[in-house]
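Have a look at target-v7.cif below; it lists mmCIF, C-alpha atoms.
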data_upload
loop_
_atom_site.label_atom_id
_atom_site.label_comp_id
_atom_site.auth_asym_id
_atom_site.auth_seq_id
_atom_site.Cartn_x
_atom_site.Cartn_y
_atom_site.Cartn_z
CA MET A 1 195.73 132.79 105.31
CA ASP A 2 197.70 133.87 108.36
CA ALA A 3 198.27 131.78 111.50
CA ALA A 4 195.53 133.49 113.51
CA ASP A 5 192.93 132.89 110.81
CA THR A 6 194.02 129.28 110.40
CA ALA A 7 193.77 128.64 114.09
CA ALA A 8 190.24 130.05 114.14
CA LEU A 9 189.01 127.37 111.75
CA THR A 10 188.18 123.86 112.86
CA GLY A 11 190.32 121.03 111.60
CA GLY A 12 187.64 119.96 109.13
CA GLN A 13 187.21 123.49 107.82
CA GLN A 14 190.97 123.85 107.35
CA ASP A 15 191.06 120.65 105.31
CA ALA A 16 187.98 121.65 103.29
CA LEU A 17 189.32 125.11 102.46
CA ALA A 18 192.67 123.64 101.46
CA ALA A 19 190.88 121.22 99.16
CA ALA A 20 188.79 124.04 97.73
CA ARG A 21 191.99 125.75 96.60
CA ALA A 22 193.30 122.57 95.01
CA GLU A 23 192.88 121.38 91.43
CA PRO A 24 189.23 120.32 90.96
CA LEU A 25 190.32 117.14 89.17
CA ALA A 26 191.65 115.84 92.47
CA ALA A 27 188.17 115.83 93.97
CA PRO A 28 187.09 112.40 95.25
CA HIS A 29 184.51 110.37 93.39
CA ALA A 30 182.62 107.20 94.13
CA ALA A 31 185.42 105.28 92.36
CA PRO A 32 188.80 106.32 90.92
CA LEU A 33 188.61 107.61 87.38
CA THR A 34 189.88 105.24 84.73
CA GLU A 35 192.43 106.41 82.19
CA GLU A 36 189.67 106.70 79.59
CA GLN A 37 187.47 108.74 81.92
CA GLN A 38 190.36 111.07 82.74
CA LYS A 39 190.95 111.55 79.01
CA ILE A 40 187.27 112.38 78.45
CA ARG A 41 187.36 114.96 81.24
CA HIS A 42 190.63 116.63 80.25
CA THR A 43 189.83 116.72 76.54
CA LEU A 44 186.36 118.16 77.03
CA ARG A 45 187.56 120.67 79.63
CA ASP A 46 190.25 121.94 77.25
CA LEU A 47 187.75 122.27 74.41
CA LEU A 48 185.21 124.12 76.55
CA ALA A 49 187.88 126.42 77.97
CA GLU A 50 188.69 127.37 74.38
CA ARG A 51 185.16 127.67 72.99
CA ALA A 52 182.73 128.14 75.90
CA GLY A 53 183.82 131.11 77.95
CA PRO A 54 181.29 133.71 79.15
CA HIS A 55 181.64 135.83 76.00
CA GLU A 56 181.34 132.82 73.69
CA ASN A 57 178.35 131.45 75.57
CA ARG A 58 176.56 134.79 75.42
CA ALA A 59 177.14 134.95 71.67
CA ALA A 60 175.97 131.35 71.24
CA THR A 61 172.69 131.93 73.06
CA ALA A 62 171.92 134.83 70.73
CA THR A 63 172.01 132.61 67.63
CA PRO A 64 168.79 131.13 66.18
CA GLU A 65 169.80 127.69 67.44
CA GLY A 66 170.66 128.92 70.93
CA TYR A 67 174.02 127.15 70.97
CA ASP A 68 177.34 127.10 69.10
CA THR A 69 176.81 124.67 66.23
CA ALA A 70 180.55 124.49 65.51
CA LEU A 71 181.27 123.56 69.12
CA TRP A 72 178.50 120.95 69.04
CA ALA A 73 180.05 119.47 65.88
CA ARG A 74 183.39 119.10 67.69
CA MET A 75 181.71 117.63 70.76
CA THR A 76 179.85 115.05 68.69
CA GLY A 77 182.43 114.43 65.96
CA PRO A 78 185.91 113.88 67.44
CA LEU A 79 184.64 113.40 71.00
CA GLY A 80 181.47 111.45 70.19
CA LEU A 81 179.54 112.82 73.17
CA ALA A 82 176.11 112.52 71.55
CA GLY A 83 176.50 108.76 71.25
CA LEU A 84 178.62 108.20 74.34
CA ALA A 85 176.01 105.99 76.05
CA LEU A 86 174.37 104.57 72.91
CA PRO A 87 175.06 100.96 71.86
CA GLU A 88 177.89 100.41 69.39
CA GLU A 89 175.49 98.79 66.91
CA TYR A 90 173.91 102.22 66.40
CA GLY A 91 177.17 104.10 66.07
CA GLY A 92 177.54 104.91 69.76
CA ALA A 93 180.48 104.34 72.07
CA GLY A 94 178.64 101.90 74.34
CA ARG A 95 179.84 103.59 77.51
CA GLY A 96 177.91 103.80 80.75
CA PRO A 97 176.29 106.56 82.80
CA ALA A 98 179.55 107.34 84.63
CA GLU A 99 181.21 108.55 81.42
CA LEU A 100 178.16 110.56 80.40
CA ALA A 101 178.02 112.10 83.89
CA LEU A 102 181.64 113.22 83.48
CA ALA A 103 180.74 114.94 80.22
CA CYS A 104 177.72 116.61 81.82
CA GLU A 105 179.80 117.82 84.76
CA GLU A 106 182.20 119.53 82.36
CA THR A 107 179.45 121.16 80.27
CA GLY A 108 177.84 122.28 83.52
CA ARG A 109 181.13 123.66 84.76
CA ALA A 110 181.40 125.83 81.64
CA LEU A 111 177.61 126.54 81.55
CA ALA A 112 177.92 125.69 77.87
CA PRO A 113 174.66 125.73 75.90
CA SER A 114 174.33 122.56 73.84
CA PRO A 115 171.74 119.92 72.82
CA LEU A 116 173.42 117.35 75.08
CA LEU A 117 170.67 117.35 77.71
CA ALA A 118 167.66 117.41 75.41
CA THR A 119 169.05 115.01 72.80
CA THR A 120 171.40 112.59 74.54
CA VAL A 121 170.02 112.54 78.07
CA LEU A 122 166.26 112.84 77.51
CA ALA A 123 165.37 111.76 73.97
CA ALA A 124 167.88 109.06 73.01
CA PRO A 125 167.05 106.70 75.92
CA LEU A 126 163.34 106.87 75.06
CA LEU A 127 164.05 106.08 71.41
CA ALA A 128 166.26 103.17 72.45
CA ALA A 129 163.73 101.82 74.96
CA LEU A 130 160.48 102.19 72.99
CA GLY A 131 161.40 102.50 69.32
CA THR A 132 160.78 99.77 66.80
CA PRO A 133 163.88 98.19 65.24
CA ALA A 134 163.32 100.32 62.13
CA GLN A 135 163.00 103.53 64.18
CA ARG A 136 166.11 102.78 66.20
CA THR A 137 168.10 101.94 63.07
CA GLU A 138 167.01 105.14 61.37
CA LEU A 139 167.33 107.63 64.24
CA LEU A 140 169.95 106.50 66.75
CA PRO A 141 172.93 106.54 64.32
CA ARG A 142 172.01 110.10 63.33
CA ILE A 143 171.91 111.11 66.98
CA ALA A 144 175.26 109.44 67.63
CA ALA A 145 176.78 111.27 64.67
CA GLY A 146 175.44 114.61 65.90
CA SER A 147 173.43 115.26 62.75
CA LEU A 148 170.06 114.96 64.52
CA THR A 149 169.01 116.86 67.64
CA CYS A 150 165.85 116.06 69.58
CA ALA A 151 163.57 117.55 72.18
CA LEU A 152 161.03 116.03 74.57
CA ALA A 153 157.71 117.89 74.49
CA VAL A 154 155.28 117.28 77.34
CA PRO A 155 152.10 119.29 78.00
CA THR A 156 152.78 119.84 81.72
CA GLY A 157 155.93 120.25 83.79
CA ILE A 158 158.71 117.95 82.66
CA ALA A 159 159.51 116.99 86.27
CA LEU A 160 156.10 115.34 86.66
CA ALA A 161 156.21 113.65 83.24
CA LEU A 162 159.57 112.10 84.17
CA GLY A 163 158.25 111.01 87.58
CA LEU A 164 160.76 113.15 89.49
CA THR A 165 158.37 115.11 91.70
CA GLY A 166 155.26 112.92 91.54
CA ASP A 167 153.82 109.68 90.23
CA ASN A 168 153.38 110.14 86.48
CA THR A 169 150.67 107.45 86.48
CA ASP A 170 148.43 109.65 88.63
CA GLY A 171 146.08 112.03 86.84
CA ASP A 172 145.86 112.93 83.18
CA TRP A 173 148.90 115.17 82.91
CA SER A 174 149.22 114.53 79.17
CA GLY A 175 145.60 115.61 78.52
CA GLY A 176 142.34 114.74 80.20
CA GLY A 177 140.68 112.86 77.36
CA ARG A 178 138.44 115.77 76.37
CA SER A 179 140.57 118.88 76.21
CA GLY A 180 143.80 120.35 77.45
CA GLY A 181 147.29 119.01 77.11
CA ILE A 182 148.06 117.32 73.80
CA GLN A 183 145.48 115.05 72.19
CA ALA A 184 146.27 112.29 69.70
CA THR A 185 143.58 110.96 67.37
CA ARG A 186 143.55 108.38 64.65
CA ALA A 187 143.46 109.70 61.09
CA GLU A 188 141.50 108.11 58.25
CA ASP A 189 144.71 106.80 56.71
CA GLY A 190 145.57 104.95 59.93
CA GLY A 191 148.13 107.47 61.09
CA TRP A 192 147.96 109.88 64.01
CA ARG A 193 147.17 113.59 64.32
CA LEU A 194 148.15 115.79 67.25
CA TYR A 195 146.36 118.79 68.73
CA GLY A 196 147.44 120.93 71.65
CA GLU A 197 150.40 122.76 73.11
CA ALA A 198 153.53 122.13 75.16
CA ALA A 199 155.40 124.87 76.98
CA GLN A 200 158.96 125.06 78.35
CA VAL A 201 160.26 122.53 75.82
CA ILE A 202 164.04 122.52 76.20
CA ASP A 203 165.62 123.12 72.75
CA GLY A 204 162.13 122.83 71.30
CA HIS A 205 162.67 125.70 68.86
CA SER A 206 165.73 124.16 67.18
CA ALA A 207 165.48 120.37 67.50
CA GLY A 208 165.24 118.40 64.30
CA LEU A 209 162.88 115.87 65.88
CA LEU A 210 160.30 116.19 68.64
CA LEU A 211 159.28 113.35 70.95
CA VAL A 212 155.78 114.30 72.02
CA ALA A 213 153.84 112.87 74.95
CA ALA A 214 150.14 112.95 74.07
CA HIS A 215 146.88 111.58 75.42
CA ALA A 216 145.05 109.05 73.28
CA GLY A 217 141.76 107.20 73.58
CA GLY A 218 138.53 107.86 75.44
CA PHE A 219 137.63 106.82 78.94
CA ALA A 220 137.89 103.08 78.28
CA ARG A 221 141.31 103.22 76.58
CA SER A 222 142.75 106.40 78.05
CA ARG A 223 146.53 106.27 77.82
CA THR A 224 149.67 108.31 77.22
CA LEU A 225 151.72 107.60 74.10
CA LEU A 226 154.89 109.04 72.61
CA PHE A 227 155.00 110.32 69.05
CA LEU A 228 157.69 111.43 66.61
CA VAL A 229 157.21 114.79 64.88
CA PRO A 230 159.88 116.12 62.48
CA ALA A 231 160.74 119.80 62.55
CA ASP A 232 159.19 120.43 59.12
CA ALA A 233 155.83 118.77 59.87
CA PRO A 234 152.82 120.80 58.63
CA GLY A 235 150.83 122.29 61.47
CA LEU A 236 153.80 122.44 63.82
CA VAL A 237 154.39 125.93 65.29
CA ARG A 238 157.45 126.52 67.46
CA THR A 239 158.15 129.77 69.28
CA ARG A 240 161.26 130.40 71.31
CA GLN A 241 160.42 131.93 74.67
CA PRO A 242 162.40 134.14 77.05
CA ALA A 243 164.16 131.96 79.60
CA LEU A 244 165.61 132.66 83.01
CA ASP A 245 168.70 130.69 82.02
CA LEU A 246 169.72 131.68 78.49
CA THR A 247 171.97 128.63 78.22
CA ARG A 248 168.88 126.42 78.64
CA PRO A 249 166.71 127.71 75.75
CA GLN A 250 163.01 126.84 75.84
CA ALA A 251 160.12 127.03 73.40
CA THR A 252 156.36 126.78 73.22
CA VAL A 253 155.33 124.13 70.71
CA GLN A 254 151.84 124.03 69.19
CA PHE A 255 150.33 121.11 67.29
CA ARG A 256 147.58 122.12 64.87
CA ASP A 257 146.32 118.94 63.24
CA THR A 258 149.94 117.79 62.98
CA ALA A 259 150.76 114.40 61.49
CA ALA A 260 152.80 112.22 63.85
CA GLU A 261 154.35 108.77 63.94
CA LEU A 262 153.79 106.54 66.95
CA LEU A 263 157.04 105.74 68.77
CA GLY A 264 157.21 101.97 69.08
CA GLU A 265 154.17 99.74 69.07
CA GLU A 266 151.21 99.26 71.36
CA PRO A 267 150.98 98.10 74.04
CA ALA A 268 154.01 99.86 75.50
CA ASP A 269 154.93 100.97 79.00
CA VAL A 270 155.37 104.62 78.07
CA LEU A 271 154.98 105.94 81.61
CA GLY A 272 157.50 103.43 82.92
CA ALA A 273 159.98 104.39 80.21
CA LEU A 274 159.53 108.08 81.04
CA ALA A 275 160.11 107.41 84.74
CA ALA A 276 163.23 105.33 84.05
CA THR A 277 164.55 108.07 81.78
CA GLY A 278 163.81 110.59 84.51
CA ARG A 279 165.81 108.69 87.13
CA ALA A 280 168.79 108.43 84.77
CA ALA A 281 168.45 112.05 83.64
CA ALA A 282 168.48 113.17 87.27
CA VAL A 283 172.04 111.83 87.56
CA MET A 284 173.15 113.86 84.55
CA LEU A 285 171.39 116.98 85.78
CA ALA A 286 173.06 116.50 89.16
CA ALA A 287 176.44 116.20 87.42
CA GLU A 288 175.78 119.44 85.55
CA ALA A 289 174.83 121.19 88.79
CA VAL A 290 177.91 119.83 90.57
CA GLY A 291 180.12 121.09 87.76
CA ALA A 292 178.54 124.54 87.87
CA ALA A 293 178.77 124.63 91.68
CA GLY A 294 182.42 123.59 91.62
CA ALA A 295 183.27 126.31 89.12
CA ALA A 296 181.40 128.94 91.15
CA LEU A 297 183.27 127.86 94.28
CA ASP A 298 186.63 128.02 92.49
CA ARG A 299 185.92 131.55 91.28
CA THR A 300 184.88 132.63 94.75
CA VAL A 301 188.01 131.18 96.37
CA GLU A 302 190.14 132.93 93.77
CA HIS A 303 188.34 136.23 94.31
CA LEU A 304 188.64 135.93 98.07
CA GLY A 305 192.39 135.37 97.76
CA SER A 306 192.70 138.56 95.71
CA ARG A 307 191.08 140.52 98.58
CA GLU A 308 193.74 139.48 101.10
CA ARG A 309 196.07 142.48 101.41
CA PRO A 310 198.43 143.52 104.23
CA GLY A 311 196.75 145.99 106.54
CA ARG A 312 193.28 145.37 105.12
CA PRO A 313 190.48 144.60 107.61
CA ALA A 314 190.19 140.83 107.65
CA GLY A 315 186.83 140.41 109.38
CA SER A 316 184.69 139.91 106.28
CA VAL A 317 187.33 137.81 104.57
CA HIS A 318 187.71 135.65 107.66
CA ALA A 319 183.95 135.05 107.82
CA ALA A 320 183.84 134.22 104.11
CA ARG A 321 186.51 131.57 104.58
CA HIS A 322 184.28 129.76 107.05
CA ARG A 323 181.37 129.83 104.59
CA LEU A 324 183.56 128.58 101.73
CA ALA A 325 184.77 125.65 103.81
CA ASP A 326 181.17 124.65 104.47
CA LEU A 327 180.26 125.12 100.79
CA HIS A 328 183.15 122.95 99.68
CA ALA A 329 181.91 120.15 101.92
CA GLN A 330 178.40 120.57 100.50
CA VAL A 331 179.62 120.44 96.88
CA GLU A 332 181.78 117.37 97.51
CA ALA A 333 178.87 115.57 99.20
CA ALA A 334 176.71 116.27 96.14
CA ARG A 335 179.50 115.09 93.84
CA SER A 336 179.91 111.84 95.77
CA LEU A 337 176.17 111.15 95.67
CA THR A 338 176.09 111.87 91.95
CA TYR A 339 178.85 109.47 91.04
CA CYS A 340 177.57 106.79 93.40
CA ALA A 341 174.25 107.02 91.53
CA ALA A 342 176.07 106.95 88.18
CA HIS A 343 178.11 103.85 89.05
CA GLY A 344 175.28 101.82 90.51
CA PRO A 345 171.78 101.80 91.95
CA GLY A 346 172.84 104.06 94.83
CA PRO A 347 170.48 104.42 97.81
CA GLY A 348 167.56 102.55 96.30
CA PRO A 349 165.98 103.27 92.90
CA ASP A 350 166.07 107.02 93.56
CA GLY A 351 169.80 107.61 93.83
CA GLY A 352 169.64 110.01 90.89
CA PRO A 353 166.78 112.21 92.17
CA LEU A 354 168.32 112.35 95.64
CA ALA A 355 171.68 113.34 94.16
CA LEU A 356 169.89 115.98 92.09
CA ALA A 357 168.26 117.43 95.21
CA HIS A 358 171.63 117.79 96.92
CA ALA A 359 173.31 119.14 93.79
CA LEU A 360 170.63 121.78 93.21
CA GLU A 361 170.99 122.97 96.79
CA ALA A 362 174.78 123.06 96.49
CA LEU A 363 174.58 125.05 93.27
CA ARG A 364 172.11 127.51 94.72
CA ALA A 365 174.29 128.05 97.79
CA THR A 366 177.61 128.42 95.95
CA ALA A 367 176.10 130.59 93.21
CA GLY A 368 174.53 132.84 95.82
CA GLU A 369 177.81 133.22 97.71
CA SER A 370 179.70 133.87 94.49
CA LEU A 371 177.18 136.47 93.40
CA GLN A 372 177.33 138.19 96.77
CA LEU A 373 181.12 138.45 96.77
CA HIS A 374 181.36 139.54 93.11
CA ALA A 375 178.41 141.94 93.10
CA GLY A 376 179.31 145.45 92.06
CA THR A 377 182.83 144.56 90.93
CA GLY A 378 182.02 145.08 87.26
CA LEU A 379 184.24 142.11 86.43
CA ALA A 380 183.57 139.23 84.06
CA ARG A 381 183.39 137.06 87.17
CA GLU A 382 180.26 138.92 88.24
CA GLU A 383 178.56 137.94 84.98
CA GLU A 384 179.61 134.31 85.49
CA ALA A 385 178.20 134.43 89.02
CA GLN A 386 174.90 135.74 87.67
CA LEU A 387 174.76 132.95 85.07
CA SER A 388 175.42 130.33 87.75
CA PHE A 389 172.65 131.73 89.91
CA ARG A 390 170.26 131.75 86.94
CA ARG A 391 171.11 128.11 86.17
CA ALA A 392 170.40 127.17 89.79
CA ALA A 393 167.03 128.94 89.81
CA SER A 394 166.04 127.65 86.36
CA ASP A 395 166.82 124.01 87.11
CA GLU A 396 164.89 124.18 90.36
CA LEU A 397 161.88 125.50 88.47
CA LEU A 398 162.16 122.88 85.72
CA PHE A 399 163.17 119.75 87.64
CA GLY A 400 162.61 120.47 91.32
CA PRO A 401 162.39 121.90 93.81
CA ALA A 402 164.74 119.87 95.96
CA ARG A 403 162.15 119.25 98.68
CA ARG A 404 159.78 117.66 96.17
CA LEU A 405 162.54 115.47 94.76
CA ARG A 406 163.22 114.20 98.26
CA ALA A 407 159.53 113.79 99.07
CA ARG A 408 158.96 111.71 95.94
CA ALA A 409 161.99 109.54 96.69
CA ALA A 410 160.73 108.98 100.24
CA GLU A 411 157.30 108.07 98.88
CA ARG A 412 158.74 105.58 96.40
CA ASN A 413 160.78 103.94 99.13
CA GLY A 414 157.76 103.48 101.38
CA LEU A 415 158.62 106.09 104.00
CA PHE A 416 155.16 107.69 103.66
CA GLY A 417 153.17 104.47 103.58
CA GLU A 418 152.87 101.96 100.77
CA GLU A 419 155.52 102.11 98.06
CA ALA A 420 154.40 104.12 95.05
CA ALA A 421 154.66 102.96 91.46
#
Since I need it in another form, could you write the structure as structure tokens?
Amino acid sequence: MDAADTAALTGGQQDALAAARAEPLAAPHAAPLTEEQQKIRHTLRDLLAERAGPHENRAATATPEGYDTALWARMTGPLGLAGLALPEEYGGAGRGPAELALACEETGRALAPSPLLATTVLAAPLLAALGTPAQRTELLPRIAAGSLTCALAVPTGIALALGLTGDNTDGDWSGGGRSGGIQATRAEDGGWRLYGEAAQVIDGHSAGLLLVAAHAGGFARSRTLLFLVPADAPGLVRTRQPALDLTRPQATVQFRDTAAELLGEEPADVLGALAATGRAAAVMLAAEAVGAAGAALDRTVEHLGSRERPGRPAGSVHAARHRLADLHAQVEAARSLTYCAAHGPGPGPDGGPLALAHALEALRATAGESLQLHAGTGLAREEEAQLSFRRAASDELLFGPARRLRARAAERNGLFGEEAA
């Protein structure tokens, strides 16, 4: 950047653009990274740089599983990511949400397809919170070892089931008691049978175990329960569906008189457990989005630098620098909110959803700018920009949009009247 261009920027924009060109590991967080956290980040980044480039990711999404099983084995074996936040008594590492958020930021940065979100972020906490001692002893060590993958199947949008965009105690989202959704009925042998369908189940086509939210009981005992359904259960039909984001594979899952095992014992606060899982998952989704946004911004800064040539008209480049400075500030704000939510309660009980709202907006903005600057170049960077934009749009459809995340957080904190459940 020449002296005239530098002078045209405000002091804050100059600092932000300088930071955008710096090593991403130097980015500020809510608290300094410990030596262990730095090791997790560097080790995972090196592995993903080796095994999760654009070509490798494209090949992985074309497999029946939808991800690179060899890469997942390395992520769960030597690195132990699947059990990073699980208790040590079940074979996990016993680490907290900050370490898991670091891992999610790196997988998001590489846009690497893996069962980490569906298995570790969504399913494992529900098993740990609601499972009987026998269920936890049987399933959690297998998850920690990486030998068992899971998926959460809900009959309506997952954002509502997790309480991210609305109160999951309102309405009969799991099934109205007569038809629709997924119905659970008692069998003659005392077990349970499931009927119905769930769409947009993340990793639903490949998971070894499904956690299924279903409606049980008539009017007097209407309730939502969670059930365990193995992949080989008779009457289970799973169909992989086209997805906007190929690195986030989805499936339609049908239950045709399918035998199921109740997760935990009644009575259980299933809706409360789903909402708590949703608030924690929002932090990890925000970390993924921050990682993807940071990578998109880095690529854009690099591409912009390659366009600076002596004698070349600098008007468009100069304007782009201003936008990148603003985007850098937006990404860093989302990163700070994410790690504040990961290290503590954050701004009330909805630190995670609020961080997710900011992170989704930052990803959409940086991916859009990256796509605009790379469009028509025919370079691999253009494909990466397209993937980032698809991730932004897909996550907004699945877990947002950002305005609803904010509206729900405001409602829960009493800004729209009485505090919601």
For the structure provided, state which residues fall under the PyMOL selection byres ((chain A and resi 147) around 10), and present them as a list in words. Trp72, Ala73, Thr76, Gly77, Ala82, Leu139, Pro141, Arg142, Ile143, Ala144, Ala145, Gly146, Leu148, Thr149 and Gly208 of chain A
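Note on the selection: in this file the PyMOL selection byres ((chain A and resi 179-192) around 7) comes out as Pro155, Ser174, Gly175, Gly176, Gly177, Arg178, Arg193, Leu194, Tyr195, Gly196, Glu197, Ala214, His215, Ala216, Ala259, Ala260 and Glu261 of chain A.
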Dump of C-alpha atoms for the selected residues, as a PDB file, in the coordinates of the input:
ATOM      1  CA  PRO A 155     152.100 119.290  78.000  1.00  0.00           C
ATOM      2  CA  SER A 174     149.220 114.530  79.170  1.00  0.00           C
ATOM      3  CA  GLY A 175     145.600 115.610  78.520  1.00  0.00           C
ATOM      4  CA  GLY A 176     142.340 114.740  80.200  1.00  0.00           C
ATOM      5  CA  GLY A 177     140.680 112.860  77.360  1.00  0.00           C
ATOM      6  CA  ARG A 178     138.440 115.770  76.370  1.00  0.00           C
ATOM      7  CA  ARG A 193     147.170 113.590  64.320  1.00  0.00           C
ATOM      8  CA  LEU A 194     148.150 115.790  67.250  1.00  0.00           C
ATOM      9  CA  TYR A 195     146.360 118.790  68.730  1.00  0.00           C
ATOM     10  CA  GLY A 196     147.440 120.930  71.650  1.00  0.00           C
ATOM     11  CA  GLU A 197     150.400 122.760  73.110  1.00  0.00           C
ATOM     12  CA  ALA A 214     150.140 112.950  74.070  1.00  0.00           C
ATOM     13  CA  HIS A 215     146.880 111.580  75.420  1.00  0.00           C
ATOM     14  CA  ALA A 216     145.050 109.050  73.280  1.00  0.00           C
ATOM     15  CA  ALA A 259     150.760 114.400  61.490  1.00  0.00           C
ATOM     16  CA  ALA A 260     152.800 112.220  63.850  1.00  0.00           C
ATOM     17  CA  GLU A 261     154.350 108.770  63.940  1.00  0.00           C
TER      18      GLU A 261
END
For Ser206 (chain A), the closest of A:Ala393, A:Ala342, A:Ala159, A:Ala118 counting only C-alpha atoms is A:Ala118
Answer as a ChimeraX atom specification, residues within 10 Å of (175.8, 126.9, 95.5) using all atoms listed in the file: /A:289-290,292-297,327-328,330-331,359-371,388-389,392
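If you look at CA of Arg412 (chain A) and CA of Asp170 (chain A), they are 13.5 Å away from each other.
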